[in-house]
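Asker: Below are the structure tokens for one structure; questions will follow.
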Amino acid sequence: MGDIGNDPVVVIGLGRFGTALALELAERGTEVLAVDSRPKIVQSLSGKLTHIVTADATDIDALRDLGVAEFYRAVVAIGSDLEASILTTSLLVELEVDDIWAKAVSHQHARILERIGARHIVLPEHDMGERVAHLVSGRMLDYVEVDSNFALVKTRPPKELVGVPLGETKLRSRHGVTVVCVKSPGEEFTYAATDTVLQYGDVIVIAGPIGKVERFAERT
Ligand code: ADP
């Protein structure tokens, strides 16, 4: 197989999540086969997606007719109808689609999808809720968890970092975090270096273990 990252993708379920996903993939040049059981939604998106069909994804013959078994990657973006989500995912496993992504609406739902063979589970509402909690309660301008205990945080420099070259601040040994990049007002982000001197008004991105970046952001 050539460039797996750009292989065609089947997107099943065109609610808000599935539609945004399918349109973004298509926009980025990935071939998408989009499937939904509601003719109305298929019709409304037909001008924007080249390959879009009305079909019931819980029907294995319908999936076979669409050639879904030939795909390496599929996303099950059905959320609220648990039965349809679980059945569709199990049929994709039966059709031996290798790389199955599935959206879950709860941790129990996620566990079931994982057990039946989905390789990646996405919990969009849960993850977004967690992320927004960081933004609402703290001084963070943005927050992305890149692993279960590691995050990237966009924030402002605390007083102690202003006016001193980053190399002299002993940031990593004292706080366990590192400054990845810096943006001065009206400029683009640039990589942070040991001789970078932060100013008030700058925006920085820091990386580190979650507890440490949280504590660090409290100092700003
Ligand atoms: P969101 O919260 O992202 O809007 P929903 O769960 O509300 O997600 O939407 C899921 C989509 O999946 C709907 O457009 C629905 O018509 C579609 N869908 C549900 N069951 C099936 C099925 N068996 N086959 C194909 N599409 C389905």
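Ordered as shown in the structure tokens, chains take letters A, B, and onward, while each chain numbers its residues from 1 and ligands are numbered from 1 in the order shown.
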List all protein, DNA and RNA residues that have an atom no more than 6 Å from any atom of ligand 1, counting only C-alpha atoms and all ligand atoms, and report them as a tab-separated table (two decimals) with C-alpha atoms, in the first residue's frame.

Answerer:
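The result, stored in result_2.tsv:
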```tsv
chain	number	residue	atom	x	y	z
A	12	ILE	CA	-20.74	6.64	7.87
A	13	GLY	CA	-23.25	8.96	9.56
A	14	LEU	CA	-23.45	12.57	8.44
A	15	GLY	CA	-24.61	14.35	11.58
A	16	ARG	CA	-22.71	17.46	12.67
A	17	PHE	CA	-19.53	15.51	13.47
A	18	GLY	CA	-19.53	13.22	10.40
A	35	VAL	CA	-22.94	7.34	3.71
A	36	ASP	CA	-26.12	8.26	5.59
A	37	SER	CA	-29.51	6.63	5.85
A	38	ARG	CA	-31.39	9.94	5.57
A	55	ALA	CA	-27.75	3.56	2.56
A	56	ASP	CA	-28.44	1.78	5.84
A	57	ALA	CA	-25.02	0.92	7.22
A	58	THR	CA	-26.47	-1.82	9.44
A	78	ILE	CA	-23.14	7.61	14.22
A	79	GLY	CA	-23.54	8.77	17.81
A	80	SER	CA	-26.97	8.88	19.33
A	84	ALA	CA	-26.75	1.42	14.67
```

Asker: Within segment 130-186 of chain A, find each residue whose DSSP state, derived from the backbone, is helix (DSSP H, G or I), and express the selection as a ChimeraX atom specification.

Answerer: /A:130-137,159-161,166-168,171-175

Asker: Determine, counting only C-alpha atoms, which protein, DNA and RNA residues have an atom within 12 Å of an atom of Pro185 of chain A; residues of the same chain fewer than 4 positions away are not included. Present the result as number ranges by chain.

Answerer: A: 156, 189, 198-204

Asker: Using Å and a single decimal, report how far atom CA of Val11 of chain A sits from atom CA of Thr54 of chain A.

Answerer: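 Value for the atom CA of Thr54 of chain A-atom CA of Val11 of chain A distance: 12.0 Å.
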
Asker: Can you list, as a ChimeraX atom specification, every protein, DNA or RNA residue that comes within 8 Å of segment 118-135 of chain A when you count only C-alpha atoms, leaving out same-chain residues fewer than 4 positions away?

Answerer: /A:89,93,99-106,110,113-114,139-144

Asker: Per DSSP on the backbone, what are the strand (DSSP E or B) residues of segment 65-193 of chain A, as a ChimeraX atom specification?

Answerer: /A:73-76,99-103,120-122,142-147,150-155,162,165,178-183,189-191

Asker: When you look at Arg215 of chain A with a cut-off of 10 Å (counting only C-alpha atoms), what residues show up, excluding the ones that are within fewer than 5 positions of it in the same chain? I need them as a list in words.

Answerer: Gly138, His175, Val177, Ile210 and Thr220 of chain A

Asker: Could you save the residues just selected, with N, CA and C atoms, as a CSV table (one decimal), in the first residue's frame?

Answerer:
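And here's out_22.csv as it stands now:
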```
chain,number,residue,atom,x,y,z
A,138,GLY,N,-9.0,28.6,34.0
A,138,GLY,CA,-7.6,29.0,34.2
A,138,GLY,C,-7.2,30.2,33.4
A,175,HIS,N,10.2,24.0,36.8
A,175,HIS,CA,8.7,23.8,36.6
A,175,HIS,C,8.3,22.5,35.8
A,177,VAL,N,8.4,22.1,32.7
A,177,VAL,CA,7.7,22.4,31.4
A,177,VAL,C,8.7,23.1,30.4
A,210,ILE,N,0.6,17.1,32.4
A,210,ILE,CA,-0.6,17.9,32.6
A,210,ILE,C,-0.6,18.7,33.9
A,220,THR,N,0.7,32.7,35.5
A,220,THR,CA,0.7,33.7,34.5
A,220,THR,C,-0.2,34.9,34.9
```

Asker: So, counting only C-alpha atoms, which residue among A:Leu166, A:Leu21, A:Val180, A:Val42 is closest to Val197 of chain A?

Answerer: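 The closest residue to Val197 of chain A is A:Leu166.
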
Asker: Ranking A:Ile116, A:Val97, A:Val32, A:Val68 by minimum distance to Ser85 of chain A and counting only C-alpha atoms, which one comes first?

Answerer: A:Ile116

Asker: What does the distance between atom CA of Leu95 of chain A and atom CA of Lys48 of chain A come to in Å, to one decimal place?

Answerer: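 That distance, rounded to one decimal, is 27.8 Å.
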
Asker: With only C-alpha atoms as the basis for distance, which of A:Val136, A:Ile86, A:Leu171, A:Leu49 is at the shortest distance from Arg115 of chain A?

Answerer: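 Among the listed residues, A:Ile86 lies closest to Arg115 of chain A.
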
Asker: Counting only C-alpha atoms, what is within 12 Å of segment 190-195 of chain A, bar same-chain residues fewer than 2 positions away, as a list in words?

Answerer: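 Everything that qualifies: Gly163, Val164, Pro165, Leu166, Gly167, Glu168, Thr169, Lys170, Leu171, Arg172, Thr178, Val179, Val180, Cys181, Val182, Lys183, Ser184, Glu187, Glu188, Val197, Leu198, Asp202, Val203, Ile204, Val205, Ile206 and Ala207 of chain A.
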